[in-house]
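See below for upload-v9.cif, which holds mmCIF, N, CA and C atoms.
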```
data_model
loop_
_atom_site.label_atom_id
_atom_site.label_comp_id
_atom_site.auth_asym_id
_atom_site.auth_seq_id
_atom_site.Cartn_x
_atom_site.Cartn_y
_atom_site.Cartn_z
N TRP A 1 -2.02 -13.99 0.98
CA TRP A 1 -1.29 -14.67 2.03
C TRP A 1 -1.17 -13.80 3.28
N ALA A 2 -0.97 -12.53 3.10
CA ALA A 2 -0.81 -11.66 4.26
C ALA A 2 -2.05 -11.68 5.15
N ALA A 3 -3.23 -11.66 4.54
CA ALA A 3 -4.46 -11.67 5.34
C ALA A 3 -4.59 -12.97 6.12
N LYS A 4 -4.25 -14.09 5.51
CA LYS A 4 -4.29 -15.37 6.22
C LYS A 4 -3.30 -15.38 7.37
N MET A 5 -2.13 -14.79 7.16
CA MET A 5 -1.12 -14.72 8.20
C MET A 5 -1.62 -13.89 9.38
N VAL A 6 -2.23 -12.75 9.10
CA VAL A 6 -2.76 -11.91 10.16
C VAL A 6 -3.86 -12.66 10.92
N ALA A 7 -4.74 -13.33 10.22
CA ALA A 7 -5.81 -14.10 10.87
C ALA A 7 -5.22 -15.14 11.82
N ASN A 8 -4.17 -15.80 11.40
CA ASN A 8 -3.52 -16.80 12.26
C ASN A 8 -2.87 -16.15 13.49
N ILE A 9 -2.27 -15.00 13.29
CA ILE A 9 -1.59 -14.30 14.40
C ILE A 9 -2.59 -13.84 15.44
N ILE A 10 -3.68 -13.21 14.99
CA ILE A 10 -4.65 -12.67 15.96
C ILE A 10 -5.69 -13.70 16.37
N ARG A 11 -5.65 -14.86 15.76
CA ARG A 11 -6.55 -15.98 16.09
C ARG A 11 -8.03 -15.58 16.00
N LYS A 12 -8.34 -14.86 14.93
CA LYS A 12 -9.71 -14.47 14.68
C LYS A 12 -10.00 -14.67 13.20
N PRO A 13 -11.23 -15.06 12.89
CA PRO A 13 -11.57 -15.17 11.47
C PRO A 13 -11.67 -13.77 10.86
N ILE A 14 -11.15 -13.62 9.69
CA ILE A 14 -11.26 -12.34 9.00
C ILE A 14 -11.73 -12.60 7.58
N GLN A 15 -12.34 -11.60 7.00
CA GLN A 15 -12.73 -11.67 5.60
C GLN A 15 -11.71 -10.86 4.81
N TYR A 16 -11.34 -11.36 3.65
CA TYR A 16 -10.40 -10.62 2.84
C TYR A 16 -10.75 -10.79 1.37
N ALA A 17 -10.32 -9.84 0.58
CA ALA A 17 -10.60 -9.87 -0.85
C ALA A 17 -9.41 -9.28 -1.58
N TYR A 18 -9.21 -9.76 -2.78
CA TYR A 18 -8.18 -9.22 -3.67
C TYR A 18 -8.89 -8.40 -4.73
N MET A 19 -8.39 -7.19 -5.00
CA MET A 19 -8.99 -6.35 -6.03
C MET A 19 -7.91 -5.60 -6.77
N ASP A 20 -8.18 -5.35 -8.03
CA ASP A 20 -7.29 -4.51 -8.83
C ASP A 20 -7.82 -3.08 -8.72
N VAL A 21 -7.18 -2.29 -7.91
CA VAL A 21 -7.67 -0.95 -7.59
C VAL A 21 -7.76 -0.05 -8.83
N ASP A 22 -7.01 -0.38 -9.88
CA ASP A 22 -7.11 0.37 -11.13
C ASP A 22 -8.44 0.13 -11.85
N HIS A 23 -9.11 -1.00 -11.56
CA HIS A 23 -10.29 -1.38 -12.33
C HIS A 23 -11.59 -1.40 -11.54
N VAL A 24 -11.63 -0.75 -10.40
CA VAL A 24 -12.88 -0.61 -9.65
C VAL A 24 -13.12 0.87 -9.36
N GLN A 25 -14.40 1.26 -9.36
CA GLN A 25 -14.74 2.66 -9.09
C GLN A 25 -14.49 3.03 -7.64
N GLU A 26 -14.85 2.12 -6.74
CA GLU A 26 -14.62 2.34 -5.32
C GLU A 26 -14.39 1.00 -4.65
N LEU A 27 -13.80 1.05 -3.49
CA LEU A 27 -13.53 -0.16 -2.71
C LEU A 27 -14.60 -0.32 -1.64
N PRO A 28 -14.96 -1.54 -1.30
CA PRO A 28 -15.95 -1.73 -0.23
C PRO A 28 -15.37 -1.29 1.11
N GLU A 29 -16.24 -0.85 2.00
CA GLU A 29 -15.78 -0.44 3.33
C GLU A 29 -15.20 -1.62 4.09
N CYS A 30 -14.11 -1.36 4.79
CA CYS A 30 -13.47 -2.39 5.60
C CYS A 30 -12.64 -1.71 6.70
N ASP A 31 -12.14 -2.49 7.62
CA ASP A 31 -11.32 -1.94 8.69
C ASP A 31 -9.93 -1.58 8.21
N THR A 32 -9.30 -2.52 7.50
CA THR A 32 -7.90 -2.38 7.12
C THR A 32 -7.70 -2.73 5.65
N ILE A 33 -6.89 -1.95 4.98
CA ILE A 33 -6.44 -2.28 3.63
C ILE A 33 -4.94 -2.46 3.69
N MET A 34 -4.48 -3.59 3.15
CA MET A 34 -3.05 -3.90 3.12
C MET A 34 -2.56 -3.72 1.69
N LEU A 35 -1.55 -2.88 1.55
CA LEU A 35 -0.96 -2.62 0.23
C LEU A 35 0.49 -3.07 0.28
N PHE A 36 0.73 -4.27 -0.18
CA PHE A 36 2.08 -4.82 -0.16
C PHE A 36 2.70 -4.63 -1.52
N SER A 37 3.51 -3.58 -1.64
CA SER A 37 4.19 -3.23 -2.89
C SER A 37 3.17 -3.11 -4.02
N VAL A 38 2.16 -2.25 -3.82
CA VAL A 38 1.04 -2.17 -4.76
C VAL A 38 0.91 -0.79 -5.40
N LEU A 39 0.73 0.22 -4.59
CA LEU A 39 0.24 1.50 -5.08
C LEU A 39 1.11 2.11 -6.17
N HIS A 40 2.41 2.01 -6.06
CA HIS A 40 3.29 2.60 -7.09
C HIS A 40 3.20 1.87 -8.43
N HIS A 41 2.61 0.68 -8.43
CA HIS A 41 2.42 -0.07 -9.68
C HIS A 41 1.09 0.25 -10.36
N THR A 42 0.25 1.07 -9.74
CA THR A 42 -1.05 1.39 -10.34
C THR A 42 -0.91 2.53 -11.34
N LYS A 43 -1.90 2.63 -12.22
CA LYS A 43 -1.84 3.65 -13.28
C LYS A 43 -2.17 5.04 -12.77
N ASP A 44 -3.10 5.15 -11.82
CA ASP A 44 -3.48 6.48 -11.30
C ASP A 44 -3.25 6.50 -9.79
N PHE A 45 -2.03 6.74 -9.42
CA PHE A 45 -1.57 6.68 -8.03
C PHE A 45 -2.47 7.48 -7.09
N MET A 46 -2.69 8.76 -7.38
CA MET A 46 -3.43 9.62 -6.46
C MET A 46 -4.91 9.23 -6.38
N LYS A 47 -5.52 8.90 -7.50
CA LYS A 47 -6.93 8.49 -7.50
C LYS A 47 -7.09 7.19 -6.70
N ASN A 48 -6.17 6.27 -6.87
CA ASN A 48 -6.25 5.00 -6.16
C ASN A 48 -5.97 5.18 -4.67
N ALA A 49 -5.08 6.08 -4.31
CA ALA A 49 -4.83 6.37 -2.90
C ALA A 49 -6.10 6.94 -2.26
N ALA A 50 -6.81 7.77 -2.99
CA ALA A 50 -8.07 8.34 -2.48
C ALA A 50 -9.12 7.24 -2.29
N LYS A 51 -9.19 6.28 -3.21
CA LYS A 51 -10.12 5.15 -3.07
C LYS A 51 -9.82 4.37 -1.79
N VAL A 52 -8.55 4.11 -1.57
CA VAL A 52 -8.13 3.36 -0.38
C VAL A 52 -8.50 4.14 0.87
N SER A 53 -8.20 5.43 0.89
CA SER A 53 -8.47 6.27 2.06
C SER A 53 -9.95 6.33 2.39
N ALA A 54 -10.79 6.34 1.37
CA ALA A 54 -12.24 6.44 1.59
C ALA A 54 -12.84 5.14 2.11
N ALA A 55 -12.14 4.03 1.95
CA ALA A 55 -12.73 2.72 2.24
C ALA A 55 -12.38 2.13 3.59
N CYS A 56 -11.42 2.70 4.31
CA CYS A 56 -10.97 2.03 5.53
C CYS A 56 -10.53 3.03 6.60
N SER A 57 -10.20 2.49 7.77
CA SER A 57 -9.70 3.34 8.85
C SER A 57 -8.24 3.03 9.20
N ARG A 58 -7.68 1.99 8.55
CA ARG A 58 -6.26 1.66 8.77
C ARG A 58 -5.67 1.14 7.46
N ILE A 59 -4.45 1.57 7.18
CA ILE A 59 -3.73 1.13 6.00
C ILE A 59 -2.40 0.54 6.45
N ILE A 60 -2.13 -0.67 6.01
CA ILE A 60 -0.81 -1.28 6.21
C ILE A 60 -0.12 -1.23 4.86
N LEU A 61 0.99 -0.52 4.80
CA LEU A 61 1.68 -0.27 3.55
C LEU A 61 3.07 -0.88 3.59
N GLU A 62 3.39 -1.67 2.58
CA GLU A 62 4.75 -2.19 2.43
C GLU A 62 5.39 -1.41 1.29
N THR A 63 6.51 -0.75 1.57
CA THR A 63 7.16 0.07 0.55
C THR A 63 8.62 0.32 0.91
N ARG A 64 9.38 0.68 -0.10
CA ARG A 64 10.78 1.08 0.10
C ARG A 64 10.90 2.59 -0.04
N LEU A 65 12.07 3.11 0.30
CA LEU A 65 12.33 4.54 0.12
C LEU A 65 12.34 4.90 -1.36
N ARG A 66 12.76 3.95 -2.18
CA ARG A 66 12.81 4.17 -3.64
C ARG A 66 12.05 3.04 -4.32
N GLU A 67 11.04 3.43 -5.10
CA GLU A 67 10.21 2.45 -5.81
C GLU A 67 10.06 2.88 -7.26
N ASN A 68 10.09 1.93 -8.16
CA ASN A 68 9.85 2.16 -9.58
C ASN A 68 8.76 1.21 -10.02
N GLY A 69 7.57 1.75 -10.23
CA GLY A 69 6.43 0.92 -10.58
C GLY A 69 6.34 0.66 -12.07
N ALA A 70 5.72 -0.47 -12.39
CA ALA A 70 5.48 -0.84 -13.79
C ALA A 70 4.32 -1.83 -13.84
N GLN A 71 3.68 -1.90 -15.02
CA GLN A 71 2.60 -2.86 -15.26
C GLN A 71 2.85 -3.54 -16.60
N PRO A 72 2.45 -4.80 -16.69
CA PRO A 72 2.58 -5.48 -18.00
C PRO A 72 1.55 -4.93 -18.98
N THR A 73 1.92 -4.91 -20.25
CA THR A 73 1.00 -4.47 -21.30
C THR A 73 0.44 -5.69 -22.02
N ALA A 74 -0.50 -5.47 -22.89
CA ALA A 74 -1.11 -6.57 -23.65
C ALA A 74 -0.09 -7.26 -24.55
N THR A 75 0.96 -6.56 -24.92
CA THR A 75 1.98 -7.15 -25.80
C THR A 75 3.05 -7.91 -25.04
N GLY A 76 2.96 -7.89 -23.72
CA GLY A 76 3.96 -8.58 -22.91
C GLY A 76 5.11 -7.70 -22.48
N ASP A 77 5.11 -6.45 -22.93
CA ASP A 77 6.12 -5.49 -22.48
C ASP A 77 5.70 -4.93 -21.13
N TRP A 78 6.53 -4.07 -20.58
CA TRP A 78 6.21 -3.41 -19.32
C TRP A 78 6.18 -1.90 -19.55
N GLU A 79 5.17 -1.25 -18.99
CA GLU A 79 5.12 0.22 -19.04
C GLU A 79 5.31 0.77 -17.63
N ARG A 80 6.09 1.82 -17.54
CA ARG A 80 6.34 2.45 -16.24
C ARG A 80 5.08 3.13 -15.74
N THR A 81 4.91 3.10 -14.42
CA THR A 81 3.76 3.76 -13.82
C THR A 81 4.22 4.92 -12.94
N ASN A 82 4.73 4.65 -11.75
CA ASN A 82 5.11 5.71 -10.80
C ASN A 82 6.49 5.43 -10.23
N SER A 83 7.21 6.50 -10.01
CA SER A 83 8.53 6.39 -9.40
C SER A 83 8.53 7.24 -8.13
N LEU A 84 8.98 6.66 -7.03
CA LEU A 84 9.04 7.37 -5.75
C LEU A 84 10.47 7.34 -5.24
N GLN A 85 10.96 8.47 -4.77
CA GLN A 85 12.33 8.56 -4.28
C GLN A 85 12.36 9.38 -2.99
N PHE A 86 12.73 8.74 -1.88
CA PHE A 86 12.84 9.43 -0.60
C PHE A 86 14.20 9.10 0.00
N ASN A 87 14.72 10.03 0.78
CA ASN A 87 16.01 9.81 1.44
C ASN A 87 15.87 9.25 2.84
N THR A 88 14.73 9.54 3.48
CA THR A 88 14.55 9.10 4.86
C THR A 88 13.14 8.53 5.05
N LEU A 89 12.98 7.75 6.09
CA LEU A 89 11.67 7.21 6.44
C LEU A 89 10.70 8.35 6.77
N GLU A 90 11.18 9.40 7.41
CA GLU A 90 10.32 10.54 7.73
C GLU A 90 9.77 11.20 6.46
N GLU A 91 10.60 11.36 5.44
CA GLU A 91 10.12 11.92 4.17
C GLU A 91 9.03 11.04 3.57
N LEU A 92 9.25 9.74 3.60
CA LEU A 92 8.30 8.79 3.05
C LEU A 92 6.98 8.84 3.80
N THR A 93 7.01 8.81 5.12
CA THR A 93 5.76 8.82 5.90
C THR A 93 5.03 10.16 5.75
N ASN A 94 5.76 11.25 5.68
CA ASN A 94 5.11 12.56 5.45
C ASN A 94 4.41 12.58 4.10
N PHE A 95 5.05 12.02 3.09
CA PHE A 95 4.44 11.95 1.76
C PHE A 95 3.13 11.17 1.82
N TYR A 96 3.15 10.00 2.43
CA TYR A 96 1.95 9.17 2.47
C TYR A 96 0.85 9.77 3.35
N GLU A 97 1.20 10.54 4.36
CA GLU A 97 0.17 11.24 5.13
C GLU A 97 -0.57 12.23 4.21
N GLY A 98 0.14 12.81 3.26
CA GLY A 98 -0.49 13.71 2.30
C GLY A 98 -1.28 12.96 1.23
N VAL A 99 -0.80 11.79 0.86
CA VAL A 99 -1.43 10.97 -0.17
C VAL A 99 -2.72 10.32 0.33
N PHE A 100 -2.75 9.92 1.60
CA PHE A 100 -3.93 9.28 2.19
C PHE A 100 -4.67 10.32 3.02
N PRO A 101 -5.67 11.00 2.43
CA PRO A 101 -6.37 12.07 3.16
C PRO A 101 -6.97 11.57 4.47
N GLY A 102 -6.69 12.32 5.55
CA GLY A 102 -7.24 12.01 6.87
C GLY A 102 -6.46 10.98 7.66
N PHE A 103 -5.37 10.47 7.11
CA PHE A 103 -4.58 9.44 7.79
C PHE A 103 -3.29 10.02 8.36
N GLN A 104 -2.87 9.41 9.47
CA GLN A 104 -1.60 9.77 10.10
C GLN A 104 -0.75 8.51 10.25
N PHE A 105 0.54 8.70 10.10
CA PHE A 105 1.47 7.60 10.33
C PHE A 105 1.42 7.21 11.80
N LYS A 106 1.26 5.92 12.06
CA LYS A 106 1.20 5.45 13.44
C LYS A 106 2.49 4.75 13.86
N THR A 107 2.91 3.74 13.08
CA THR A 107 4.09 3.00 13.50
C THR A 107 4.78 2.30 12.34
N ASN A 108 6.06 2.10 12.49
CA ASN A 108 6.85 1.28 11.58
C ASN A 108 6.86 -0.11 12.19
N LEU A 109 6.24 -1.07 11.50
CA LEU A 109 6.12 -2.42 12.02
C LEU A 109 7.35 -3.28 11.72
N GLY A 110 8.31 -2.71 11.02
CA GLY A 110 9.54 -3.44 10.74
C GLY A 110 9.89 -3.42 9.27
N ILE A 111 10.92 -4.17 8.94
CA ILE A 111 11.39 -4.25 7.56
C ILE A 111 11.21 -5.68 7.06
N ALA A 112 10.58 -5.80 5.88
CA ALA A 112 10.36 -7.11 5.26
C ALA A 112 11.45 -7.35 4.22
N THR A 113 11.18 -8.25 3.31
CA THR A 113 12.16 -8.57 2.28
C THR A 113 12.44 -7.38 1.39
N LYS A 114 13.61 -7.38 0.79
CA LYS A 114 14.04 -6.33 -0.15
C LYS A 114 13.99 -4.94 0.48
N PHE A 115 14.22 -4.86 1.78
CA PHE A 115 14.29 -3.59 2.51
C PHE A 115 13.00 -2.78 2.42
N ARG A 116 11.88 -3.46 2.40
CA ARG A 116 10.59 -2.78 2.39
C ARG A 116 10.09 -2.60 3.81
N TYR A 117 9.75 -1.36 4.13
CA TYR A 117 9.15 -1.04 5.43
C TYR A 117 7.70 -1.50 5.44
N ILE A 118 7.24 -1.91 6.61
CA ILE A 118 5.83 -2.21 6.84
C ILE A 118 5.32 -1.09 7.74
N LEU A 119 4.50 -0.22 7.19
CA LEU A 119 4.07 1.00 7.88
C LEU A 119 2.57 0.97 8.12
N GLU A 120 2.18 1.45 9.28
CA GLU A 120 0.77 1.52 9.63
C GLU A 120 0.33 2.98 9.67
N PHE A 121 -0.75 3.27 8.96
CA PHE A 121 -1.38 4.59 8.95
C PHE A 121 -2.80 4.42 9.45
N VAL A 122 -3.26 5.35 10.30
CA VAL A 122 -4.61 5.27 10.83
C VAL A 122 -5.36 6.58 10.58
N LYS A 123 -6.66 6.45 10.38
CA LYS A 123 -7.49 7.62 10.18
C LYS A 123 -7.70 8.28 11.52
N GLY A 124 -7.56 9.57 11.55
CA GLY A 124 -7.76 10.20 12.83
C GLY A 124 -7.44 11.59 12.80
#
```

Re-express the file's structure as structure tokens.
Amino acid sequence: WAAKMVANIIRKPIQYAYMDVDHVQELPECDTIMLFSVLHHTKDFMKNAAKVSAACSRIILETRLRENGAQPTATGDWERTNSLQFNTLEELTNFYEGVFPGFQFKTNLGIATKFRYILEFVKG
């Protein structure tokens, strides 16, 4: 839905794809990757962040200062994945600049539902 919304806002056709970053070796090259409450729910946070960083020049990240990730199991239970705890937006953005090699925090695009920041990181 987010990709369709962006296409409507900028009034340009865009191509978009949904992928489970835990189950692909690499991501196809693209301009922007949007991670809306995603990365902390993956099994290999750092490896998946590197895949994202290698595939694009801009990352739009939706996240809170405190996140507790989990994934469903085959039995229907939930297993914990990653937990992130930051006190300030600056701590959070500094962390993600380290997590996304070659990227710098550009702007806070606002706050979405459940107090999630929409943050833009660009390669540069």

Within stretch 37-82 of chain A, find each residue whose DSSP state, derived from the backbone, is helix (DSSP H, G or I), and express the selection as a list of chain:residue names. A:Leu39, A:His40, A:His41, A:Phe45, A:Met46, A:Lys47, A:Asn48, A:Ala49, A:Ala50, A:Lys51, A:Val52, A:Ser53, A:Ala54, A:Ala55

For A:Arg58: contacts at 5 Å, all atoms listed in the file, fewer than 3 positions along chain excluded, given as an MDAnalysis selection string: chainID A and resid 31:33 121:123

Would you mind listing, for every residue of stretch 7-65 of chain A within 9 Å of stretch 78-89 of chain A, the two atoms forming the shortest contact and the distance between them in Å to one decimal, using only C-alpha atoms, sorted by chain and ascending residue number, as a tab-separated table?
```
residue	atom	partner	partner_atom	distance
A:Leu39	CA	A:Asn82	CA	8.6
A:His40	CA	A:Asn82	CA	5.2
A:His41	CA	A:Thr81	CA	5.8
A:Thr42	CA	A:Thr81	CA	6.4
A:Lys43	CA	A:Thr81	CA	5.6
A:Asp44	CA	A:Thr81	CA	8.1
A:Phe45	CA	A:Asn82	CA	7.3
A:Arg64	CA	A:Phe86	CA	8.6
A:Leu65	CA	A:Phe86	CA	5.0
```

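With atom CA of A:Met19 on one side and atom N of A:Leu119 on the other, the separation reads 19.9 Å.
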
d(atom N of A:Glu62, atom N of A:Arg116) in Å: 8.7 Å

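Put simply, atom CA of A:Asn94 is 24.1 Å away from atom C of A:Ala70.
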
Enumerate, as a list of chain:residue names, the protein, DNA and RNA residues whose atoms approach (1.4, 1.7, 8.8) to within 6 Å, taking into account all atoms listed in the file and the coordinate frame of the file. A:Ile59, A:Ile60, A:Leu61, A:Lys106, A:Thr107, A:Asn108, A:Ile118, A:Leu119, A:Glu120, A:Phe121

Using only C-alpha atoms, which residues sit within 12 Å of A:Lys47 once same-chain residues fewer than 4 positions away are excluded, as a list in words? Val21, Asp22, His23, Val24, Gln25, Glu26, Leu27, Leu39, His40, Thr42, Lys43, Lys51, Val52, Ser53, Ala54, Val99, Phe100 and Pro101 of chain A

Given only C-alpha atoms as the counted atoms, nearest of A:Glu29, A:Phe36, A:Cys56, A:Gly110 to A:Ala3: A:Phe36

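For A:Gly124, the residues within 8 Å (counting all atoms listed in the file, excluding itself and residues fewer than 6 positions away along the chain) are Ser57, Pro101, Gly102, Phe103 and Gln104 of chain A.
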
Pick out each residue of stretch 6-121 of chain A that DSSP on the backbone tags as strand (DSSP E or B); I need them as number ranges by chain. A: 32-36, 58-63, 66-72, 78-85, 103-111, 117-121

I need the residue nearest A:Lys114 from this list: A:Gly76, A:Thr63, A:Tyr96, A:Gln71. Use only N, CA and C atoms for the distance.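 With only N, CA and C atoms as the atom set, the closest residue is A:Thr63.
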